[in-house]
Amino acid sequence: GILIDDKKIDDWQARVAISRTYEQLASSFNQEDVVPFFNFIITDKALGDSSPDVRRAILNAAIAVVDHKGAKSLTGLINLFESYLKKGSGADDTVREALVILLGRVARHLPKGDPRLKGVVDRLVTALKTPSEVVQSAVADCLPPLVVRTKGEAPKLLGRLLTELVQAPKYGERRGAAFGVAGAVKGLGLSSLQKYDVLGRISTAIDDKKYFEARQGALFAIETLSSTLGRIFEPYIIELLPLLLATFGDSTPDVREATEDACKVIMANMSGYGVKLILPKLLEGLDDKQWRSKKGSIELLGTMAFCAPKQLAVSLPTVVPRLTEVLKDSHQQVRQAASKSLKQFSEVISNPEIRELVPTLQKALVDPETTTEALKALLDTTFVHYVDNASLAIVIPILESGLKSRVSDAKRMGVQIVGNMASLTDSKDFVPHLDVLLPLVHRILVDPVPDVRGAAAKSLGTLVERLGENTFPDLVSGLLQTLRSETSAIDRQGAAQGLSEVLSGLGMERMEGLLPQILENARSPRPFVREGFMSLLVFLPITFGQRFAPYLGRIVQPILDGLSDVEELVRAASIKAGRIMINNFSNKATDLLLPHLQKSLFDESARIRLSSLTLIGELLYKLAGISGKVSTEEEEEVETNVAEPTRRVLSEVLGKDRRDRVLAVLFIARQDAVSSVRLASSHIWKALVNNTPRTIRDVLSSLVDEIIVLLATAGSEQQETAANTMSELSRKFGDKVLGEIVSLLRVAAQSPNPQTREGACMAISEVIENTTEENMEDHEGQIISIVRSCLVDESSSVRVAAASAFDALQKHIGSKAIDQTIPTLLGALRQAGPGSDTALQALKEIMT
């Protein structure tokens, strides 16, 4: 047939609603309905309902009825409750628990000295033998107000309970006696501990080596006293501490288990002050030479895992590292105890991500060789929950091990995690660990491996950003001091990178306030200080990114000054700073750096010329979007990716005029007197230019202008470079560009600036010296005209340069030069006026 589902849906919500209705109607009950109501909830087992919500609701209703109507129905209620409690094991434990609570509640209505009080108390004490901890705990809650009313019976009651505590043959009876002792002491007050020698009898029982039951019962009493009295029992823990340490190593497993349970309850009720009070004594025990004492201290420390979260926060940063140290103890049982205690701490971890990693983390705590594996697991984990204090206590020793490691990967991952933890934890939990972690991060900041240093610097920046500068009051000043100190260059570079990250974390305002001091130190008379702060100028643009763009103009001059520094380290740092500026801010660098670098290409110092050339090359590569590598197969070939587009890109980015000037100075630098400068400029030229003759024609005007300026104003070395460039132009490209060169020189020879006219004459000399006769024939007239006009120039320096050009001209074309020049000078000499004087001077220069 068809299967019929006979499972009924439990409508427990309706029963809860009815129970709450009873509670609200408690004050309106008719007195004659009170006992029948309780008979109903007992016999129909409403107090033992299958739903805990219903049981709780009906018990609250029963308590409300007892409080409002119980005083007038004492006899009926007491008789009803006791009749059910006498059923013993046949009764429902949940109903029994409720009736014990209700019996104690009813007894509160009995007047002091009422003979029934003793009976109720006896009934409650008898109920303690019920092998149900729920019932025993409920009795302990009921006893205190009743014991107060029967103080005359108190000594006898406590004596009876303490005797049963150590002599009762059954576990449940000893356990019940412990609850009874706790309830009685709570009712009589703390003074009863001393008055009735409760602690003395507990100590005597623990010292009983013959019967383990006595030791176990005494430990039950310590546990229940702590749970019942709470923190007011705390002062007595110090007195009991040696006993607890001893029983951790008891030969009977039941006693050891009772010790652990007692300590868990003690720690769960311990205040922060109490933890601070007992912690030193326990930590002293870890240094004990006797392994049993050491083991007891370790096991008691392990129970601190059950402290309240606030107290756990007090103890964990101290306890876990010490337990980690003991993992290396020579005695196996000590090591096992330490491992077990650490496992207890890991069991109270609330962070789900850390809980998943507990096996890996514990392995790393025991075996430092697996530290890198644990760090990698932490770094690869995506955290979506805050890291609680218990989790932090497990992680910190592994971080410490990683930061002290010689393995670069371990150090790098360690500092990364330290920075991350500032975001993943509550600051009040994390900050206490910084006393250990921060010095290690500082040490890694000067690691020889750049990646490791960089990770440490970022970690510092993250810590300061998340925790605030107030947490690290001496950090900035300490890093600045390192930059000023005569330590190794690596130390200063690490400090520079760290300070840049810290300033980034603190914000633009802090950096802007410190910038004048940075620039001042970059010009310090002490070379190691200049190098340190120049390194800072390397890292600041990287760290701040585009936020640093408004400050680039302020750091350009120190970078340019550094390029000419006598110290190699300062020059190297300056080039790095320039490269960073170019790579990160190429558009800004074009306006700020390029004009200065072009000018520095003709500095008297070859070092400055080479450094400037290097930076110009990198800037042009960046703008053109090329790598700058040239082919090694043939000297004149370039990479296939560098062709006509490069010229167009540079024109678009720089503008034609600026592009022409840059290429012109690069071409001139190819004739530098220093081979390294020549090679560098040739390399850049080949990378950017794929057709030299065409490019020369494009930039010829700018090229001739630069040559003229150098010939007239530069030092002898740069004059030689300019002269060699004009010689190369005339020799290699004369057939294509000589006419244009001569035209440009003719215009320059008419310039109002005497230096320009002088430079034009010197350039004409080089043209004459290096041009073939065939090419010369087409331009003789123009050249002679330029020389002739300059010979009568009002400036003596121009006339001297023109006389040199005339000598070259006479050497190459002979009498034709004299025939077309001397008559003109003689004619000018015959005419009155200033022209006759200049003609006379020109003739003197020629004759000389």
# chains A, B, ... in the order shown; residues from 1 in each chain; ligands from 1
$ residues_around --residues "Glu373 in chain A" --least-positions-apart "5" --cutoff "12 Å" --atoms "only C-alpha atoms" --output "list in words"
Leu357, Pro359, Thr360, Leu361, Gln362, Lys363, Ala364, Leu365, Asp367, Pro368, Leu378, Leu379, Asp380, Ile398, Leu399, Gly402, Val407, Asp409, Ala410, Met413 and Gly414 of chain A
$ residues_around --residues "range 214-231 of chain A" --least-positions-apart "5" --cutoff "9 Å" --atoms "only C-alpha atoms" --output "VMD selection string"
chain A and resid 140 to 141 162 164 to 168 171 174 to 175 177 to 183 185 to 186 190 199 201 to 209 237 240 244 247 254 to 259 261 to 266 268 to 271 274
$ atom_distance --atom1 "CA of Ser191 in chain A" --atom2 "CA of Lys112 in chain A"
21.4 Å
$ closest_residue --among "A:Lys170, A:Leu437, A:Ala422, A:Phe548" --to "Ser401 in chain A" --atoms "only C-alpha atoms"
A:Leu437
$ select_by_dssp --residues "range 190-368 of chain A" --states "helix (DSSP H, G or I)" --output "JSON, numbers by chain"
{"A": [191, 192, 193, 194, 195, 198, 199, 200, 201, 202, 203, 204, 205, 206, 212, 213, 214, 215, 216, 217, 218, 219, 220, 221, 222, 223, 224, 225, 226, 227, 228, 229, 230, 231, 232, 233, 234, 235, 236, 237, 238, 239, 240, 241, 242, 243, 244, 245, 246, 247, 253, 254, 255, 256, 257, 258, 259, 260, 261, 262, 263, 264, 265, 266, 267, 268, 272, 273, 274, 275, 276, 277, 278, 279, 280, 281, 282, 283, 284, 285, 291, 292, 293, 294, 295, 296, 297, 298, 299, 300, 301, 302, 303, 304, 305, 306, 309, 310, 311, 312, 313, 314, 315, 316, 317, 318, 319, 320, 321, 322, 323, 324, 325, 326, 332, 333, 334, 335, 336, 337, 338, 339, 340, 341, 342, 343, 344, 345, 346, 347, 352, 353, 354, 355, 356, 357, 358, 359, 360, 361, 362, 363, 364, 365, 366, 368]}
$ closest_residue --among "A:Glu260, A:Phe37, A:Gly461, A:Leu277" --to "Phe306 in chain A" --atoms "only C-alpha atoms"
A:Glu260
$ closest_residue --among "A:Met267, A:Ala573, A:Arg116, A:Gly189" --to "Ile232 in chain A" --atoms "only C-alpha atoms"
A:Gly189
$ residues_around --residues "Pro541 in chain A" --least-positions-apart "5" --cutoff "10 Å" --atoms "only C-alpha atoms" --output "ChimeraX atom specification"
/A:500,536,546-549,551-552,577,580-581,584-585
$ residues_around --residues "Glu153 in chain A" --least-positions-apart "3" --cutoff "12 Å" --atoms "only C-alpha atoms" --output "count of residues only"
19
$ closest_residue --among "A:Ala803, A:Leu506, A:Leu440, A:Leu424" --to "Lys404 in chain A" --atoms "only C-alpha atoms"
A:Leu440
$ residues_around --residues "range 294-296 of chain A" --least-positions-apart "5" --cutoff "7 Å" --atoms "only C-alpha atoms" --output "ChimeraX atom specification"
/A:245-246,248-249,285-288,334,337
$ write_last_selection --atoms "N, CA and C atoms" --output "short mmCIF file (atom, residue, chain, number, x, y, z; two decimals), in the first residue's frame"
data_model
loop_
_atom_site.label_atom_id
_atom_site.label_comp_id
_atom_site.auth_asym_id
_atom_site.auth_seq_id
_atom_site.Cartn_x
_atom_site.Cartn_y
_atom_site.Cartn_z
N LEU A 245 50.50 22.53 40.25
CA LEU A 245 51.68 22.16 39.47
C LEU A 245 52.11 20.73 39.77
N ALA A 246 51.97 20.35 41.05
CA ALA A 246 52.38 19.00 41.45
C ALA A 246 51.42 17.94 40.86
N PHE A 248 49.71 18.03 38.18
CA PHE A 248 49.83 17.86 36.73
C PHE A 248 50.68 16.63 36.40
N GLY A 249 51.59 16.32 37.32
CA GLY A 249 52.46 15.16 37.09
C GLY A 249 52.06 13.95 37.90
N GLY A 285 58.85 28.56 36.43
CA GLY A 285 58.84 27.10 36.42
C GLY A 285 59.43 26.52 35.15
N LEU A 286 59.42 27.28 34.06
CA LEU A 286 59.99 26.78 32.80
C LEU A 286 61.51 26.69 32.88
N ASP A 287 62.10 27.39 33.82
CA ASP A 287 63.56 27.34 33.98
C ASP A 287 63.99 26.36 35.06
N ASP A 288 63.00 25.66 35.65
CA ASP A 288 63.33 24.69 36.70
C ASP A 288 64.14 23.54 36.14
N VAL A 334 58.76 16.88 28.41
CA VAL A 334 58.66 18.34 28.44
C VAL A 334 58.29 18.86 27.06
N ALA A 337 54.69 18.07 26.38
CA ALA A 337 53.79 18.96 27.12
C ALA A 337 53.71 20.33 26.46
#
$ atom_distance --atom1 "CA of Gln344 in chain A" --atom2 "CA of Val436 in chain A"
23.7 Å
$ closest_residue --among "A:Leu729, A:Ile559, A:Leu744, A:Val418" --to "Ile768 in chain A" --atoms "only C-alpha atoms"
A:Leu729
$ closest_residue --among "A:Ile741, A:Asn587, A:Arg484, A:Glu501" --to "Pro525 in chain A" --atoms "only C-alpha atoms"
A:Arg484
$ residues_around --residues "range 425-428 of chain A" --least-positions-apart "6" --cutoff "9 Å" --atoms "only C-alpha atoms" --output "ChimeraX atom specification"
/A:386-389,392,466-467
